[in-house]
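Novice: My questions will all concern the structure given below.
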Amino acid sequence: MDSRLRLQNLGAAAITLAPTNPSALLDALTVSNPQPLEDVAAALREHYDDAWFMEQYPASERQPPMLAASQISGEWSAAVEIFGATGWVGCTPQLLAALAEGHGFACTAYFDQENAKIFLCDQSGDIAQIDATTGRRVGTINAGTEARLAQAGFSAEGFPIMSPELKELSYAGRLNAAFAAVTQYTLEDCLAGSSWIGGLAQR
């Protein structure tokens, strides 16, 4: 990765979005005392390399996940995690529900080389899941979100009813389209912050 976070260089990542400031977002995702990151890409890459190497160690000695967060617009902030061998923090139902309870809404986009999924939660505490590869849904999605997804070309029936334009996209492209339909922000928007803080999540 270069000095900026770029979607095509992440490989695998979880990006969590919520209407709060970066410090509060990281706190909800169990990161205590986050520190400024002058070069967020280098910090995440170094952690990734260390965590990958330490996978051979006993579980108690492995690196916990690292998350970095930045404000993207108004009171909205995004947190990024690129190493998920110990679990994707933003996709944890309990943490996502707690984040939504405190701030009204939370959304995580997760992707690797084979999967692309969005996890949504509002103050109800119920988790809904959108599979951006197939277009299928799990859980209850409110009418407004469903309407925005339909307008973007997605169908609750899945890939066969998906718009031709979406079918031509890569799974990552469909994830970006679904995320933008749900949140009004692209994944690139979530990575474009100029001031980042970060730290290790608690196990």
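Every chain in the structure tokens has a letter given in the order shown (A, B, ...), and although residue numbers restart at 1 in each chain, ligands are simply numbered from 1 in the order shown.
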Could you find all residues in range 48-195 of chain A that DSSP calls strand (DSSP E) from the backbone, and write them as a ChimeraX atom specification?

Specialist: /A:66-73,76-81,105-111,116-122,127-131,137-138

Novice: Find the residues of range 95-149 of chain A that sit at most 12 Å from range 63-77 of chain A; for each, write down the nearest two atoms and how far apart they are in Å, to one decimal. Count only C-alpha atoms. Sort by chain, then by number going up, and give it as JSON lines.

Specialist:
```
{"residue": "A:His103", "atom": "CA", "partner": "A:Trp76", "partner_atom": "CA", "distance": 10.3}
{"residue": "A:Gly104", "atom": "CA", "partner": "A:Trp76", "partner_atom": "CA", "distance": 11.8}
{"residue": "A:Phe105", "atom": "CA", "partner": "A:Trp76", "partner_atom": "CA", "distance": 10.6}
{"residue": "A:Ala106", "atom": "CA", "partner": "A:Trp76", "partner_atom": "CA", "distance": 10.3}
{"residue": "A:Cys107", "atom": "CA", "partner": "A:Ser77", "partner_atom": "CA", "distance": 11.0}
{"residue": "A:Thr108", "atom": "CA", "partner": "A:Ser77", "partner_atom": "CA", "distance": 11.9}
```

Novice: What does the file look like for those residues with N, CA, C and O atoms, as a short mmCIF file (atom, residue, chain, number, x, y, z; two decimals), in the first residue's frame?

Specialist:
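Saved as out_25.cif:
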```cif
data_model
loop_
_atom_site.label_atom_id
_atom_site.label_comp_id
_atom_site.auth_asym_id
_atom_site.auth_seq_id
_atom_site.Cartn_x
_atom_site.Cartn_y
_atom_site.Cartn_z
N HIS A 103 -25.67 5.12 18.63
CA HIS A 103 -25.60 6.18 17.61
C HIS A 103 -26.71 6.10 16.56
O HIS A 103 -26.70 6.89 15.62
N GLY A 104 -27.61 5.15 16.69
CA GLY A 104 -28.77 5.08 15.81
C GLY A 104 -28.61 4.20 14.59
O GLY A 104 -29.57 3.70 14.05
N PHE A 105 -27.37 3.98 14.17
CA PHE A 105 -27.13 3.21 12.96
C PHE A 105 -25.67 2.78 12.91
O PHE A 105 -24.79 3.51 13.36
N ALA A 106 -25.43 1.61 12.36
CA ALA A 106 -24.07 1.15 12.11
C ALA A 106 -24.09 0.20 10.92
O ALA A 106 -25.07 -0.52 10.70
N CYS A 107 -23.02 0.22 10.17
CA CYS A 107 -22.95 -0.58 8.95
C CYS A 107 -21.51 -1.03 8.73
O CYS A 107 -20.59 -0.22 8.86
N THR A 108 -21.31 -2.29 8.44
CA THR A 108 -19.99 -2.81 8.13
C THR A 108 -19.99 -3.47 6.76
O THR A 108 -20.87 -4.30 6.48
#
```

Novice: Which of these, A:Leu96, A:Asp39, A:Thr133, A:Gly11, has the shortest distance to Leu26 in chain A once you count only C-alpha atoms?

Specialist: A:Leu96

Novice: Could you please determine the separation between CA of Ala152 in chain A and CA of Gly193 in chain A in Å, to one decimal place?

Specialist: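 CA of Gly193 in chain A lies 25.5 Å from CA of Ala152 in chain A.
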
Novice: Kindly give the distance, in Å, that separates CA of Glu114 in chain A and CA of Ser163 in chain A, rounded to a single decimal.

Specialist: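 So the answer is 21.0 Å.
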
Novice: Compile the contact shell of Glu38 in chain A as a compact mmCIF listing (two decimals) with C-alpha atoms, in the first residue's frame: residues with an atom at most 12 Å away, counting only C-alpha atoms, same-chain residues fewer than 3 positions apart removed.

Specialist:
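Heads up, here's the output in result28.txt:
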```txt
# COMPACT_ATOMS: atom_id res chain seq x y z
CA SER A 3 0.66 6.30 2.03
CA ARG A 4 -3.10 6.52 1.35
CA GLN A 35 -3.10 7.23 18.73
CA ALA A 41 -1.40 2.54 5.21
CA ALA A 42 2.07 1.75 6.57
CA ALA A 43 0.71 1.22 10.11
CA LEU A 44 -1.94 -1.23 8.94
CA ALA A 68 -7.87 2.82 12.18
CA SER A 70 -11.13 8.81 10.34
CA GLY A 193 -9.83 10.67 5.34
CA SER A 194 -6.74 12.80 5.82
CA SER A 195 -6.42 12.42 9.60
CA TRP A 196 -6.41 8.90 11.11
CA ILE A 197 -6.21 7.47 14.61
CA GLY A 198 -5.86 3.82 15.49
```

Novice: Assign secondary structure with DSSP using the backbone only, and return the residues of range 25-198 of chain A in alpha helix (DSSP H) as a PDB file with C-alpha atoms, in the first residue's frame.

Specialist:
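Result file out_11.pdb:
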```
ATOM      1  CA  LEU A  25     -16.269   4.746  16.905  1.00  0.00           C
ATOM      2  CA  LEU A  26     -13.014   3.046  17.894  1.00  0.00           C
ATOM      3  CA  ASP A  27     -14.071   2.982  21.541  1.00  0.00           C
ATOM      4  CA  ALA A  28     -17.251   1.130  20.560  1.00  0.00           C
ATOM      5  CA  VAL A  40      -2.206   4.855   8.116  1.00  0.00           C
ATOM      6  CA  ALA A  41      -1.398   2.538   5.206  1.00  0.00           C
ATOM      7  CA  ALA A  42       2.074   1.751   6.575  1.00  0.00           C
ATOM      8  CA  ALA A  43       0.712   1.216  10.107  1.00  0.00           C
ATOM      9  CA  LEU A  44      -1.942  -1.230   8.937  1.00  0.00           C
ATOM     10  CA  ARG A  45       0.490  -3.038   6.653  1.00  0.00           C
ATOM     11  CA  GLU A  46       3.062  -3.433   9.453  1.00  0.00           C
ATOM     12  CA  HIS A  47       0.386  -4.820  11.758  1.00  0.00           C
ATOM     13  CA  TYR A  48      -0.817  -7.165   9.039  1.00  0.00           C
ATOM     14  CA  ASP A  49       2.671  -8.548   8.504  1.00  0.00           C
ATOM     15  CA  ASP A  50       3.237  -9.036  12.246  1.00  0.00           C
ATOM     16  CA  ALA A  51      -0.172 -10.620  12.795  1.00  0.00           C
ATOM     17  CA  TRP A  52       0.259 -12.983   9.870  1.00  0.00           C
ATOM     18  CA  PHE A  53       3.672 -14.112  11.128  1.00  0.00           C
ATOM     19  CA  PRO A  93     -23.085  -8.807  16.118  1.00  0.00           C
ATOM     20  CA  GLN A  94     -22.790  -7.672  19.736  1.00  0.00           C
ATOM     21  CA  LEU A  95     -20.456  -4.765  18.902  1.00  0.00           C
ATOM     22  CA  LEU A  96     -22.437  -3.725  15.835  1.00  0.00           C
ATOM     23  CA  ALA A  97     -25.665  -3.738  17.846  1.00  0.00           C
ATOM     24  CA  ALA A  98     -24.086  -1.742  20.672  1.00  0.00           C
ATOM     25  CA  LEU A  99     -22.737   0.789  18.181  1.00  0.00           C
ATOM     26  CA  ALA A 100     -26.171   1.163  16.580  1.00  0.00           C
ATOM     27  CA  GLU A 101     -27.867   1.476  19.955  1.00  0.00           C
ATOM     28  CA  GLY A 102     -25.559   4.311  20.923  1.00  0.00           C
ATOM     29  CA  HIS A 103     -25.603   6.183  17.612  1.00  0.00           C
ATOM     30  CA  ALA A 143     -38.480  -0.256   3.491  1.00  0.00           C
ATOM     31  CA  GLY A 144     -36.341   2.833   2.835  1.00  0.00           C
ATOM     32  CA  THR A 145     -33.147   0.799   2.541  1.00  0.00           C
ATOM     33  CA  GLU A 146     -34.871  -1.796   0.379  1.00  0.00           C
ATOM     34  CA  ALA A 147     -36.127   0.950  -1.949  1.00  0.00           C
ATOM     35  CA  ARG A 148     -32.625   2.424  -2.320  1.00  0.00           C
ATOM     36  CA  LEU A 149     -31.193  -1.001  -3.104  1.00  0.00           C
ATOM     37  CA  ALA A 150     -33.889  -1.605  -5.708  1.00  0.00           C
ATOM     38  CA  GLN A 151     -33.192   1.787  -7.287  1.00  0.00           C
ATOM     39  CA  PRO A 164     -27.578  -6.035 -16.143  1.00  0.00           C
ATOM     40  CA  GLU A 165     -25.255  -3.189 -15.124  1.00  0.00           C
ATOM     41  CA  LEU A 166     -24.672  -4.747 -11.694  1.00  0.00           C
ATOM     42  CA  LYS A 167     -24.185  -8.215 -13.148  1.00  0.00           C
ATOM     43  CA  TYR A 171     -18.193  -8.638  -6.672  1.00  0.00           C
ATOM     44  CA  ALA A 172     -16.214  -5.751  -5.142  1.00  0.00           C
ATOM     45  CA  GLY A 173     -17.957  -3.362  -7.513  1.00  0.00           C
ATOM     46  CA  ARG A 174     -21.352  -4.692  -6.451  1.00  0.00           C
ATOM     47  CA  LEU A 175     -20.331  -4.328  -2.807  1.00  0.00           C
ATOM     48  CA  ASN A 176     -19.454  -0.687  -3.432  1.00  0.00           C
ATOM     49  CA  ALA A 177     -22.777  -0.096  -5.213  1.00  0.00           C
ATOM     50  CA  ALA A 178     -24.758  -1.725  -2.403  1.00  0.00           C
ATOM     51  CA  PHE A 179     -22.832   0.136   0.299  1.00  0.00           C
ATOM     52  CA  ALA A 180     -23.426   3.472  -1.450  1.00  0.00           C
ATOM     53  CA  ALA A 181     -27.121   2.693  -1.838  1.00  0.00           C
ATOM     54  CA  VAL A 182     -27.443   1.873   1.859  1.00  0.00           C
ATOM     55  CA  THR A 183     -25.272   4.635   3.338  1.00  0.00           C
ATOM     56  CA  LEU A 187     -16.129   2.593   0.172  1.00  0.00           C
ATOM     57  CA  GLU A 188     -13.613   4.991  -1.354  1.00  0.00           C
ATOM     58  CA  ASP A 189     -15.233   7.821   0.663  1.00  0.00           C
ATOM     59  CA  CYS A 190     -14.534   5.804   3.814  1.00  0.00           C
ATOM     60  CA  LEU A 191     -10.848   5.539   2.944  1.00  0.00           C
TER      61      LEU A 191
END
```

Novice: Between A:Met162, A:Val89, A:Ile130, A:Leu7, which residue has the minimum interatomic distance to Gln202 in chain A, considering only C-alpha atoms?

Specialist: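 Comparing A:Met162, A:Val89, A:Ile130, A:Leu7 against Gln202 in chain A, the winner is A:Val89.
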
Novice: So, with only C-alpha atoms as the atoms that count, which of A:Thr30, A:Thr16, A:Gln184, A:Ser170 lies closest to Phe119 in chain A?

Specialist: A:Thr16

Novice: For the atom pair CA of Asn115 in chain A and CA of Gly158 in chain A, what is the interatomic distance in Å to one decimal place?

Specialist: 14.9 Å
